[in-house]
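Below is target-v2.txt, holding compact mmCIF, C-alpha atoms.
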```txt
# COMPACT_ATOMS: atom_id res chain seq x y z
CA MET A 5 56.72 92.25 -18.78
CA ALA A 6 55.50 93.01 -22.27
CA ALA A 7 58.23 90.81 -23.75
CA ALA A 8 57.32 87.94 -21.41
CA VAL A 9 53.65 88.15 -22.32
CA TRP A 10 54.50 88.15 -26.01
CA MET A 11 56.76 85.09 -25.68
CA ILE A 12 54.13 83.08 -23.77
CA SER A 13 51.34 83.90 -26.15
CA THR A 14 53.35 82.98 -29.20
CA ALA A 15 54.89 79.76 -27.76
CA PRO A 16 53.67 76.42 -29.35
CA GLY A 17 51.37 74.10 -27.24
CA PRO A 18 52.23 70.60 -25.95
CA ALA A 19 52.48 67.82 -28.49
CA GLN A 20 49.28 65.62 -28.83
CA THR A 21 48.86 62.19 -30.38
CA GLU A 22 45.56 60.46 -31.27
CA GLY A 23 44.81 56.90 -29.90
CA GLU A 24 42.23 54.58 -28.08
CA SER A 25 42.30 53.00 -24.57
CA GLN A 26 43.67 49.45 -24.42
CA ALA A 27 40.88 46.79 -24.50
CA LEU A 28 40.66 44.34 -21.56
CA PRO A 29 41.09 40.72 -22.67
CA VAL A 30 38.28 38.48 -21.28
CA THR A 31 36.87 35.03 -21.98
CA VAL A 32 33.24 34.88 -23.02
CA MET A 33 30.67 32.15 -23.63
CA THR A 34 27.86 32.44 -26.12
CA VAL A 35 24.50 31.54 -24.56
CA THR A 36 22.70 28.60 -26.16
CA ALA A 37 19.48 26.74 -25.30
CA GLN A 38 20.31 23.46 -23.58
CA ASP A 39 18.55 20.45 -22.12
CA ILE A 40 19.31 19.94 -18.44
CA ARG A 41 18.02 17.41 -15.94
CA PRO A 42 17.48 18.66 -12.39
CA THR A 43 19.15 16.61 -9.69
CA ALA A 44 18.97 16.40 -5.92
CA THR A 45 20.61 14.40 -3.17
CA ALA A 46 19.29 13.10 0.13
CA TRP A 47 19.93 10.38 2.67
CA GLY A 48 17.92 8.15 4.96
CA ASN A 49 17.66 4.83 6.79
CA LEU A 50 16.51 1.69 5.02
CA ARG A 51 13.54 -0.31 6.19
CA ALA A 52 11.80 -3.39 4.88
CA ALA A 53 8.94 -2.72 2.49
CA ASP A 54 6.99 -5.66 3.97
CA LYS A 55 6.87 -6.61 7.64
CA TRP A 56 5.33 -9.71 9.18
CA VAL A 57 4.19 -10.08 12.78
CA ALA A 58 2.83 -13.53 13.68
CA VAL A 59 0.26 -13.25 16.50
CA ALA A 60 -1.25 -16.30 18.16
CA ASP A 61 -4.98 -16.81 17.50
CA VAL A 62 -5.30 -19.93 19.67
CA GLN A 63 -4.08 -21.14 23.01
CA GLY A 64 -1.90 -24.19 23.42
CA GLU A 65 1.56 -25.63 23.83
CA VAL A 66 4.23 -25.27 21.16
CA VAL A 67 4.94 -28.84 20.07
CA TRP A 68 7.27 -28.15 17.11
CA ARG A 69 9.58 -25.38 15.97
CA HIS A 70 11.51 -25.08 12.71
CA PRO A 71 15.25 -25.63 13.24
CA ASP A 72 16.07 -22.45 11.27
CA LEU A 73 13.65 -20.25 13.19
CA ASP A 74 16.23 -17.89 14.69
CA ALA A 75 16.84 -14.17 14.37
CA GLY A 76 18.78 -13.33 11.23
CA ARG A 77 17.85 -16.48 9.28
CA LEU A 78 16.26 -16.35 5.83
CA ILE A 79 13.12 -18.46 5.42
CA ALA A 80 11.29 -19.10 2.15
CA LYS A 81 7.63 -18.38 1.53
CA GLY A 82 5.14 -21.04 2.68
CA THR A 83 7.52 -22.67 5.17
CA GLU A 84 5.92 -24.13 8.30
CA VAL A 85 7.86 -22.62 11.18
CA LEU A 86 5.74 -23.28 14.28
CA ARG A 87 3.12 -25.80 15.37
CA ILE A 88 0.83 -25.55 18.37
CA ASP A 89 -0.88 -28.50 20.06
CA GLY A 90 -4.33 -28.83 18.46
CA THR A 91 -5.75 -31.77 20.45
CA ASP A 92 -8.50 -29.67 22.09
CA TYR A 93 -9.58 -28.30 18.73
CA GLU A 94 -9.56 -31.76 17.15
CA LEU A 95 -11.87 -32.97 19.93
CA ALA A 96 -14.14 -29.97 19.42
CA LEU A 97 -14.17 -30.71 15.71
CA ALA A 98 -15.10 -34.36 16.30
CA GLN A 99 -17.86 -33.35 18.71
CA ALA A 100 -19.30 -30.89 16.21
CA GLN A 101 -19.23 -33.54 13.50
CA ALA A 102 -21.06 -35.97 15.79
CA ASP A 103 -23.68 -33.34 16.62
CA LEU A 104 -24.20 -32.72 12.92
CA ALA A 105 -24.68 -36.44 12.33
CA ALA A 106 -27.26 -36.60 15.16
CA LEU A 107 -29.14 -33.63 13.74
CA GLU A 108 -29.09 -35.20 10.31
CA ALA A 109 -30.56 -38.42 11.75
CA GLU A 110 -33.20 -36.41 13.61
CA GLY A 111 -34.12 -34.67 10.38
CA ALA A 112 -34.45 -38.01 8.59
CA GLN A 113 -36.66 -39.29 11.42
CA LEU A 114 -38.84 -36.20 11.19
CA SER A 115 -39.25 -36.70 7.45
CA ALA A 116 -40.34 -40.32 8.06
CA GLU A 117 -42.82 -39.15 10.71
CA VAL A 118 -44.29 -36.66 8.27
CA ALA A 119 -44.78 -39.34 5.63
CA ASN A 120 -46.38 -41.78 8.09
CA THR A 121 -48.64 -39.10 9.55
CA LYS A 122 -49.84 -38.09 6.10
CA ARG A 123 -50.72 -41.72 5.24
CA ILE A 124 -52.62 -42.21 8.51
CA LEU A 125 -54.37 -38.88 8.02
CA ASP A 126 -55.63 -39.99 4.63
CA LEU A 127 -57.02 -43.19 6.14
CA GLU A 128 -58.69 -41.34 9.04
CA ARG A 129 -60.27 -38.86 6.64
CA GLU A 130 -61.77 -41.76 4.69
CA ARG A 131 -63.06 -43.32 7.92
CA LEU A 132 -64.53 -39.93 8.88
CA VAL A 133 -66.44 -39.84 5.59
CA LEU A 134 -67.85 -43.29 6.29
CA ALA A 135 -68.72 -42.36 9.88
CA GLU A 136 -70.53 -39.20 8.77
CA GLY A 137 -72.51 -41.21 6.18
CA ASP A 138 -73.48 -43.80 8.82
CA LEU A 139 -74.52 -40.97 11.17
CA THR A 140 -76.80 -39.49 8.54
CA ARG A 141 -78.52 -42.82 7.91
CA ALA A 142 -78.88 -43.57 11.63
CA ARG A 143 -80.52 -40.21 12.31
CA ALA A 144 -82.94 -40.73 9.42
CA LEU A 145 -83.94 -44.19 10.63
CA ALA A 146 -84.27 -42.97 14.21
CA GLU A 147 -86.66 -40.23 13.09
CA GLN A 148 -88.73 -42.86 11.26
CA GLY A 149 -88.75 -45.08 14.37
CA THR A 150 -87.08 -47.92 12.56
CA VAL A 151 -84.04 -48.02 14.88
CA PRO A 152 -83.76 -46.88 18.46
CA GLN A 153 -82.22 -43.53 19.33
CA ALA A 154 -79.25 -45.31 20.95
CA ARG A 155 -78.15 -46.46 17.51
CA ALA A 156 -78.07 -42.86 16.28
CA ASP A 157 -76.14 -41.76 19.39
CA GLU A 158 -73.59 -44.52 18.84
CA ALA A 159 -73.09 -43.43 15.20
CA GLU A 160 -72.59 -39.80 16.37
CA ARG A 161 -69.96 -40.88 18.95
CA ALA A 162 -68.08 -42.77 16.21
CA THR A 163 -68.18 -39.68 13.97
CA LEU A 164 -66.87 -37.39 16.72
CA LEU A 165 -64.03 -39.83 17.45
CA ALA A 166 -63.08 -39.88 13.78
CA ARG A 167 -63.13 -36.07 13.67
CA ARG A 168 -60.94 -35.89 16.76
CA THR A 169 -58.42 -38.30 15.24
CA VAL A 170 -58.24 -36.26 12.00
CA ALA A 171 -57.81 -33.02 13.99
CA GLU A 172 -54.96 -34.53 16.06
CA LEU A 173 -53.18 -35.72 12.93
CA GLU A 174 -53.56 -32.30 11.29
CA ASN A 175 -52.17 -30.63 14.44
CA THR A 176 -49.24 -33.03 14.34
CA LEU A 177 -48.49 -32.02 10.75
CA ALA A 178 -48.86 -28.34 11.68
CA LEU A 179 -46.10 -28.73 14.31
CA ILE A 180 -43.67 -30.22 11.79
CA PRO A 181 -42.38 -26.85 10.32
CA PRO A 182 -41.33 -25.44 13.76
CA ARG A 183 -39.50 -28.69 14.47
CA GLU A 184 -37.79 -28.48 11.08
CA ALA A 185 -36.84 -24.84 11.78
CA ARG A 186 -35.40 -25.85 15.17
CA ILE A 187 -33.33 -28.62 13.55
CA THR A 188 -32.13 -26.17 10.88
CA ALA A 189 -31.08 -23.64 13.54
CA GLN A 190 -29.30 -26.31 15.57
CA THR A 191 -27.57 -27.51 12.42
CA ALA A 192 -26.38 -23.97 11.60
CA ARG A 193 -25.10 -23.46 15.15
CA THR A 194 -23.31 -26.81 15.12
CA GLN A 195 -21.85 -26.03 11.68
CA ALA A 196 -20.56 -22.72 13.05
CA ALA A 197 -18.94 -24.56 15.95
CA LEU A 198 -17.41 -27.01 13.49
CA ASP A 199 -16.05 -24.16 11.32
CA ARG A 200 -14.69 -22.45 14.42
CA ALA A 201 -12.91 -25.60 15.50
CA GLN A 202 -11.60 -26.14 11.96
CA ARG A 203 -10.33 -22.55 11.80
CA ALA A 204 -8.67 -22.83 15.20
CA LEU A 205 -7.07 -26.10 14.12
CA GLU A 206 -5.69 -24.45 10.99
CA HIS A 207 -4.25 -21.61 13.09
CA THR A 208 -2.25 -24.07 15.16
CA VAL A 209 0.22 -24.14 12.24
CA VAL A 210 2.21 -20.95 11.50
CA THR A 211 3.62 -20.56 7.97
CA THR A 212 5.55 -17.69 6.40
CA PRO A 213 3.50 -15.53 3.97
CA PHE A 214 6.52 -14.44 1.88
CA ASP A 215 10.29 -14.75 1.72
CA LEU A 216 11.56 -13.06 4.86
CA ARG A 217 14.39 -12.58 7.29
CA VAL A 218 13.54 -13.38 10.90
CA THR A 219 14.11 -10.47 13.28
CA GLU A 220 12.57 -11.77 16.52
CA VAL A 221 11.28 -15.08 17.92
CA SER A 222 9.21 -15.05 21.13
CA ALA A 223 8.03 -18.67 21.24
CA GLU A 224 9.99 -21.70 22.42
CA ARG A 225 9.16 -25.37 22.29
CA PHE A 226 6.95 -26.66 25.16
CA GLN A 227 5.91 -23.08 25.92
CA THR A 228 2.21 -22.45 26.44
CA ILE A 229 1.07 -19.43 24.50
CA ALA A 230 -2.08 -17.35 24.77
CA PRO A 231 -4.20 -15.68 22.08
CA GLY A 232 -2.83 -12.28 21.12
CA GLN A 233 0.77 -13.15 21.99
CA VAL A 234 3.41 -12.12 19.43
CA LEU A 235 5.29 -15.18 18.25
CA ILE A 236 7.55 -14.12 15.35
CA ARG A 237 8.60 -10.90 13.64
CA GLY A 238 10.19 -10.79 10.21
CA ASP A 239 11.13 -8.43 7.37
CA GLY A 240 10.42 -9.19 3.73
CA ILE A 241 13.45 -9.48 1.47
CA ALA A 242 11.69 -8.78 -1.82
CA ALA A 243 12.02 -4.99 -1.48
CA ALA A 244 13.46 -2.34 0.82
CA GLU A 245 12.46 1.29 1.08
CA VAL A 246 13.75 4.54 2.49
CA VAL A 247 12.00 7.84 3.14
CA ALA A 248 13.86 10.83 1.68
CA HIS A 249 12.80 14.29 2.89
CA LEU A 250 13.06 16.78 0.03
CA PRO A 251 12.28 20.50 0.26
CA ILE A 252 9.11 21.47 -1.58
CA THR A 253 11.04 23.61 -4.07
CA VAL A 254 13.42 20.75 -4.85
CA PHE A 255 10.57 18.28 -5.31
CA ARG A 256 8.75 20.71 -7.62
CA ARG A 257 11.95 21.11 -9.62
CA LEU A 258 12.35 17.35 -10.01
CA VAL A 259 8.78 16.83 -11.16
CA GLY A 260 8.86 19.84 -13.51
CA ASP A 261 5.92 21.42 -15.27
CA LEU A 262 3.13 18.86 -15.50
CA PRO A 263 0.51 18.78 -18.25
CA GLU A 264 -2.84 20.35 -17.44
CA ALA A 265 -4.54 16.95 -17.60
CA VAL A 266 -2.43 15.68 -14.68
CA THR A 267 -4.22 16.22 -11.38
CA VAL A 268 -2.73 16.53 -7.92
CA ALA A 269 -3.84 12.97 -7.17
CA ASP A 270 -1.98 11.75 -10.25
CA MET A 271 1.14 13.60 -9.16
CA MET A 272 0.98 12.03 -5.69
CA ARG A 273 0.28 8.56 -7.07
CA ALA A 274 1.89 7.84 -10.44
CA VAL A 275 3.83 10.82 -11.77
CA PRO A 276 6.86 10.69 -9.43
CA SER A 277 7.66 7.11 -10.37
CA THR A 278 7.62 7.96 -14.08
CA GLN A 279 9.33 11.36 -13.91
CA ILE A 280 12.09 10.75 -11.35
CA ASP A 281 15.01 8.32 -11.54
CA VAL A 282 16.87 7.38 -8.38
CA MET A 283 20.26 5.82 -7.65
CA LEU A 284 21.03 4.54 -4.16
CA SER A 285 24.35 3.78 -2.47
CA PRO A 286 25.29 2.90 1.13
CA LEU A 287 27.08 5.68 2.99
CA SER A 288 29.60 3.11 4.23
CA ASP A 289 30.51 2.18 0.63
CA PRO A 290 29.48 4.88 -1.88
CA ALA A 291 30.99 2.87 -4.74
CA GLN A 292 28.05 0.45 -4.60
CA LYS A 293 25.18 1.57 -6.81
CA TRP A 294 21.60 0.29 -6.66
CA SER A 295 18.83 1.25 -9.03
CA ALA A 296 15.74 2.44 -7.15
CA ARG A 297 12.37 4.01 -7.90
CA VAL A 298 9.99 6.46 -6.31
CA SER A 299 7.04 4.34 -5.22
CA ARG A 300 4.84 6.89 -3.47
CA ILE A 301 4.60 10.10 -1.50
CA GLU A 302 3.57 9.79 2.13
CA GLY A 303 0.30 11.35 3.16
CA ALA A 304 1.56 14.51 4.91
CA LEU A 305 4.52 16.86 4.98
CA ASP A 306 7.12 16.50 7.67
CA PRO A 307 5.70 18.47 10.63
CA ARG A 308 9.04 19.99 11.63
CA ALA A 309 11.03 20.51 8.44
CA ARG A 310 7.99 20.95 6.14
CA THR A 311 9.57 18.70 3.56
CA VAL A 312 8.03 16.22 1.14
CA PRO A 313 8.48 12.61 2.37
CA VAL A 314 9.36 10.69 -0.80
CA VAL A 315 9.35 6.89 -0.40
CA VAL A 316 12.05 5.25 -2.52
CA THR A 317 11.87 1.48 -3.10
CA VAL A 318 14.69 -0.89 -4.04
CA ASP A 319 13.66 -4.23 -5.52
CA ASP A 320 15.56 -7.38 -4.51
CA PRO A 321 17.96 -5.73 -2.00
CA TYR A 322 19.83 -9.01 -1.47
CA ALA A 323 20.64 -9.56 -5.18
CA GLY A 324 24.34 -9.99 -5.84
CA ALA A 325 25.26 -9.60 -2.19
CA ALA A 326 28.76 -10.90 -1.44
CA PRO A 327 29.96 -9.47 1.89
CA PRO A 328 32.23 -7.74 2.52
CA GLN A 329 32.77 -6.68 -1.11
CA ARG A 330 29.06 -6.00 -1.78
CA LEU A 331 26.77 -5.61 1.21
CA PRO A 332 23.03 -6.41 1.08
CA LEU A 333 20.63 -3.58 1.78
CA VAL A 334 19.43 -4.46 5.27
CA PRO A 335 17.10 -2.42 7.50
CA ASN A 336 18.57 0.56 9.39
CA MET A 337 21.45 0.93 6.91
CA GLN A 338 22.17 4.58 6.09
CA VAL A 339 22.11 5.24 2.36
CA GLY A 340 22.55 8.19 0.04
CA LEU A 341 20.06 8.95 -2.72
CA SER A 342 20.64 10.72 -6.03
CA PHE A 343 17.48 11.97 -7.76
CA SER A 344 17.27 12.89 -11.44
CA GLY A 345 14.10 14.70 -12.42
CA ARG A 346 12.26 15.58 -15.57
CA VAL A 347 14.42 17.04 -18.35
CA LEU A 348 14.11 20.80 -18.87
CA THR A 349 14.27 21.57 -22.59
CA ASP A 350 15.65 24.80 -24.13
CA ALA A 351 16.90 26.10 -20.78
CA ILE A 352 19.29 29.06 -20.46
CA VAL A 353 22.24 27.76 -18.46
CA ILE A 354 25.41 29.66 -17.47
CA PRO A 355 28.31 28.84 -15.15
CA GLU A 356 27.62 29.74 -11.56
CA ALA A 357 30.82 31.81 -11.42
CA ALA A 358 29.39 34.16 -14.06
CA LEU A 359 26.56 35.24 -11.77
CA HIS A 360 27.38 38.21 -9.51
CA ALA A 361 24.67 39.21 -7.00
CA GLY A 362 21.85 38.70 -9.48
CA ARG A 363 23.73 40.29 -12.38
CA VAL A 364 25.58 38.96 -15.41
CA ARG A 365 28.40 40.71 -17.25
CA LEU A 366 28.03 40.68 -21.02
CA ALA A 367 30.07 41.71 -24.03
CA ASP A 368 27.77 43.67 -26.31
CA LYS A 369 27.99 43.89 -30.10
CA GLY A 370 30.57 46.69 -29.82
CA ASN A 371 32.70 44.62 -27.40
CA ARG A 372 31.79 46.91 -24.54
CA LEU A 373 30.99 45.70 -21.00
CA GLU A 374 27.28 45.50 -20.16
CA LEU A 375 25.68 44.64 -16.81
CA ARG A 376 22.28 42.94 -16.92
CA ASP A 377 19.92 41.75 -14.18
CA VAL A 378 18.80 38.09 -14.40
CA THR A 379 16.47 35.80 -12.44
CA PRO A 380 18.06 32.49 -11.42
CA VAL A 381 15.78 29.45 -11.00
CA PHE A 382 18.17 26.96 -9.39
CA ALA A 383 21.82 26.00 -9.32
CA GLN A 384 23.43 22.58 -9.56
CA ASN A 385 26.85 21.19 -10.49
CA ASP A 386 28.39 24.73 -10.79
CA LEU A 387 25.66 25.72 -13.28
CA VAL A 388 22.77 28.15 -12.91
CA VAL A 389 19.46 27.89 -14.77
CA LEU A 390 17.99 31.33 -15.51
CA ASN A 391 14.35 32.24 -15.87
CA ASP A 392 14.80 35.53 -17.73
CA GLY A 393 17.37 38.23 -18.47
CA LEU A 394 19.36 36.41 -21.14
CA SER A 395 18.55 35.16 -24.61
CA VAL A 396 20.26 32.86 -27.08
CA GLY A 397 23.30 34.54 -28.66
CA ASP A 398 24.28 36.75 -25.72
CA ARG A 399 27.95 36.61 -24.79
CA VAL A 400 28.54 36.12 -21.07
CA VAL A 401 31.84 37.30 -19.57
CA LEU A 402 33.33 34.51 -17.49
CA ASP A 403 36.26 36.44 -15.98
CA ASP A 404 36.05 38.58 -12.89
CA VAL A 405 36.34 42.10 -14.30
CA SER A 406 37.36 44.61 -11.65
CA PRO A 407 36.23 47.30 -11.61
CA ALA A 408 33.15 46.32 -13.61
CA ILE A 409 32.39 49.65 -15.21
CA PRO A 410 29.78 49.51 -17.98
CA GLY A 411 31.11 50.59 -21.33
CA ILE A 412 34.79 49.66 -20.92
CA ALA A 413 36.37 48.12 -23.96
CA LEU A 414 36.76 44.36 -24.03
CA ALA A 415 38.81 41.96 -26.12
CA PRO A 416 36.55 38.87 -25.94
CA VAL A 417 37.93 35.37 -26.44
CA GLU A 418 35.33 32.66 -27.08
CA VAL A 419 35.60 29.45 -25.03
CA ALA A 420 34.19 26.03 -25.72
CA GLU A 421 30.70 25.22 -24.49
```
Produce structure tokens that represent the structure in this file.
Amino acid sequence: MAAAVWMISTAPGPAQTEGESQALPVTVMTVTAQDIRPTATAWGNLRAADKWVAVADVQGEVVWRHPDLDAGRLIAKGTEVLRIDGTDYELALAQAQADLAALEAEGAQLSAEVANTKRILDLERERLVLAEGDLTRARALAEQGTVPQARADEAERATLLARRTVAELENTLALIPPREARITAQTARTQAALDRAQRALEHTVVTTPFDLRVTEVSAERFQTIAPGQVLIRGDGIAAAEVVAHLPITVFRRLVGDLPEAVTVADMMRAVPSTQIDVMLSPLSDPAQKWSARVSRIEGALDPRARTVPVVVTVDDPYAGAAPPQRLPLVPNMQVGLSFSGRVLTDAIVIPEAALHAGRVRLADKGNRLELRDVTPVFAQNDLVVLNDGLSVGDRVVLDDVSPAIPGIALAPVEVAE
């Protein structure tokens, strides 16, 4: 036992060699500040930006209809498409004109009466002066006994008659203003009737207010229509629009950070059209591309989805149409929308595959694995925009390291941006 103990204690130990663990080869990308433009997609149904509904204002029989007035036809602006019988309104117009002429003649007669009455009144006033002078002399002579009292009484009767005549003429002149006011009122009422007849006569002709495509015709020739009846419906062809429902976060991302001077009203009115670009394409033929613009934001959020209703307008939706190769943008067509928002400058962007449950794997300065928490803002096109956690110059590991143990040695290989 003593010999065995001695041999074990004096035996040499196992051979040892010095060395390091083998480094794991990985691909890395150096983080740089980039400019990125947020994008979003949506879809919706087209509708005409301008709609026209022709409603009858007068009653009568349709006496003429445009030969192209049928559903689906294109009609230019200012084209007369329907004519209603206006005989009754022409008669009313002629009657009003005759009444105006009669009132004008009555006014001229009244003016002549005023002039004649004023001339007669002047003469009667002169005669009254003479009669009063004669009365004064007769009374003086009667008091002296030169003439009988009957002569004085006769002079007084003549004076009273002259005064009565002057008073009647003055009363006649006093009644002239009410008569003039009555003629003025009658003239105004007759002029209103004439204007009403003229307006009704003008409304017997229906013309198109803009270039449109007819969608519905409810009036036929020889049909008697009533006021308030819908005659024609049409859609304008100058522009088409579609309402795209975007989540609030997506809309905020497209608009970006606005300057402090920009108010909420500015954002709802003018900013979207200047900050957001839109491309539109029919779902039936995505190869067709139409340039569009954000024209406005509707007044309220969608009550069910709580999304922002963005109205996108396409100008001249029939331009270059050559069916079936290139279809025009007609109402109720389903279209896809691609939004491009305000450019984000100096953004930290990494591939989406490099993000693992809110963490990013890095190669530190000693080529050791480091795990770091980051805050993503949004993701698009396999890229993720980060809010914090990374800085320019950090090296992000793109490979899936398993197990991801912090501190393991790495052999990083840089890849192109």
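Between CA of Ile79 (chain A) and CA of Val316 (chain A) the interatomic distance comes to 25.0 Å.
Atom pair CA of Arg141 (chain A) / CA of Arg161 (chain A) has a distance of 14.1 Å (rounded to one decimal).
In terms of minimum interatomic distance to Pro407 (chain A), A:Leu28 ranks closest within A:Ala15, A:Leu28, A:Val246, A:Ala156, counting all atoms listed in the file.
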Name all residues at most 10 Å from Val247 (chain A) (count only C-alpha atoms; drop same-chain ones fewer than 5 positions away) and give them as a PDB file with C-alpha atoms, keeping the file's coordinate frame.
```
ATOM      1  CA  ALA A  46      19.290  13.100   0.130  1.00  0.00           C
ATOM      2  CA  TRP A  47      19.930  10.380   2.670  1.00  0.00           C
ATOM      3  CA  GLY A  48      17.920   8.150   4.960  1.00  0.00           C
ATOM      4  CA  ASN A  49      17.660   4.830   6.790  1.00  0.00           C
ATOM      5  CA  LEU A  50      16.510   1.690   5.020  1.00  0.00           C
ATOM      6  CA  ARG A  51      13.540  -0.310   6.190  1.00  0.00           C
ATOM      7  CA  VAL A 298       9.990   6.460  -6.310  1.00  0.00           C
ATOM      8  CA  ARG A 300       4.840   6.890  -3.470  1.00  0.00           C
ATOM      9  CA  ILE A 301       4.600  10.100  -1.500  1.00  0.00           C
ATOM     10  CA  GLU A 302       3.570   9.790   2.130  1.00  0.00           C
ATOM     11  CA  VAL A 312       8.030  16.220   1.140  1.00  0.00           C
ATOM     12  CA  PRO A 313       8.480  12.610   2.370  1.00  0.00           C
ATOM     13  CA  VAL A 314       9.360  10.690  -0.800  1.00  0.00           C
ATOM     14  CA  VAL A 315       9.350   6.890  -0.400  1.00  0.00           C
ATOM     15  CA  VAL A 316      12.050   5.250  -2.520  1.00  0.00           C
ATOM     16  CA  THR A 317      11.870   1.480  -3.100  1.00  0.00           C
TER      17      THR A 317
END
```
Query raised in the report: How would you write as JSON, numbers by chain the residues that get within 8 Å of (25.2, 4.2, 2.4) in the file's frame, counting all atoms listed in the file?
Result: {"A": [284, 285, 286, 287, 288, 289, 290, 337, 338, 339, 340]}
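Residues lying within 7 Å of region 190-201 of chain A, counting only C-alpha atoms and ignoring same-chain neighbours fewer than 6 positions away, are Tyr93, Ala96, Leu97, Ala100, Gln101, Asp103, Leu104 and Leu107 of chain A.
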Query raised in the report: So, counting all atoms listed in the file, which residue among A:Ala162, A:Ala105, A:Val353, A:Ala408 is closest to Val389 (chain A)?
Result: A:Val353
Report summary line: Correct to one decimal, the distance CA of Pro182 (chain A)-CA of Ala166 (chain A) is 26.1 Å
Contact check, region 84-144 of chain A to region 168-171 of chain A, at most 10 Å, counting all atoms listed in the file, closest pairs as CSV:
```
residue,atom,partner,partner_atom,distance
A:Ile124,CA,A:Val170,CA,8.9
A:Leu125,CA,A:Val170,CA,6.1
A:Asp126,CA,A:Val170,CA,8.7
A:Leu127,CA,A:Val170,CA,9.2
A:Glu128,CA,A:Val170,CA,5.9
A:Arg129,CA,A:Val170,CA,6.3
A:Glu130,CA,A:Val170,CA,9.8
A:Arg131,CA,A:Val170,CA,9.5
A:Leu132,CA,A:Val170,CA,7.9
```
Restricted to C-alpha atoms, what would the selected residues look like written as an mmCIF file, keeping the file's coordinate frame?
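What landed in again15.cif:
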```cif
data_model
loop_
_atom_site.group_PDB
_atom_site.id
_atom_site.type_symbol
_atom_site.label_atom_id
_atom_site.label_comp_id
_atom_site.auth_asym_id
_atom_site.auth_seq_id
_atom_site.Cartn_x
_atom_site.Cartn_y
_atom_site.Cartn_z
ATOM 1 C CA ILE A 124 -52.620 -42.210 8.510
ATOM 2 C CA LEU A 125 -54.370 -38.880 8.020
ATOM 3 C CA ASP A 126 -55.630 -39.990 4.630
ATOM 4 C CA LEU A 127 -57.020 -43.190 6.140
ATOM 5 C CA GLU A 128 -58.690 -41.340 9.040
ATOM 6 C CA ARG A 129 -60.270 -38.860 6.640
ATOM 7 C CA GLU A 130 -61.770 -41.760 4.690
ATOM 8 C CA ARG A 131 -63.060 -43.320 7.920
ATOM 9 C CA LEU A 132 -64.530 -39.930 8.880
#
```
Report summary line: Among A:Val66, A:Ala415, A:Leu402, A:Val388, Lys369 (chain A) is approached most closely, using only C-alpha atoms, by A:Ala415
Report task. List the neighbours of Gln38 (chain A) out to 10 Å using all atoms listed in the file; skip same-chain residues closer than 6 positions along the sequence, and give me the result as number ranges by chain. Result -> A: 348-353, 389
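Environment of (-74.3, -39.8, 19.8): residues at most 12 Å away, judged by all atoms listed in the file, are Ala135, Glu136, Asp138, Leu139, Thr140, Ala142, Arg143, Ala146, Pro152, Gln153, Ala154, Arg155, Ala156, Asp157, Glu158, Ala159, Glu160, Arg161, Ala162, Thr163, Leu164 and Leu165 of chain A.
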Report task. Skip Gln227 (chain A) itself and residues of its chain fewer than 5 positions away, then list as a ChimeraX atom specification all residues within 9 Å of it, counting all atoms listed in the file. Result -> /A:64-67
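By chain and then residue number, the residues within 10 Å of region 303-306 of chain A are His249, Leu250, Pro251, Ile252, Met272, Arg310, Thr311, Val312, Pro313 and Val314 of chain A, counting only C-alpha atoms and disregarding those fewer than 4 positions away in sequence.
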Only C-alpha atoms, please: the residues just picked out, written as a CSV table (one decimal), keeping the file's coordinate frame.
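New file out.csv:
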```csv
chain,number,residue,atom,x,y,z
A,249,HIS,CA,12.8,14.3,2.9
A,250,LEU,CA,13.1,16.8,0.0
A,251,PRO,CA,12.3,20.5,0.3
A,252,ILE,CA,9.1,21.5,-1.6
A,272,MET,CA,1.0,12.0,-5.7
A,310,ARG,CA,8.0,21.0,6.1
A,311,THR,CA,9.6,18.7,3.6
A,312,VAL,CA,8.0,16.2,1.1
A,313,PRO,CA,8.5,12.6,2.4
A,314,VAL,CA,9.4,10.7,-0.8
```
**Report entry** Nearest-residue call for Asp404 (chain A), choices A:Lys293, A:Ala243, A:His70, A:Leu359, using all atoms listed in the file
**Finding:** A:Leu359
Query raised in the report: With all atoms listed in the file as the atoms that count, which of A:Ile229, A:Leu177, A:Val401, A:Leu95 lies nearest to Gln63 (chain A)?
Result: A:Ile229
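Counting all atoms listed in the file and comparing A:Pro355, A:Ser342, A:Val35, A:Ala244, the residue that lies closest to Ala323 (chain A) is A:Ala244.
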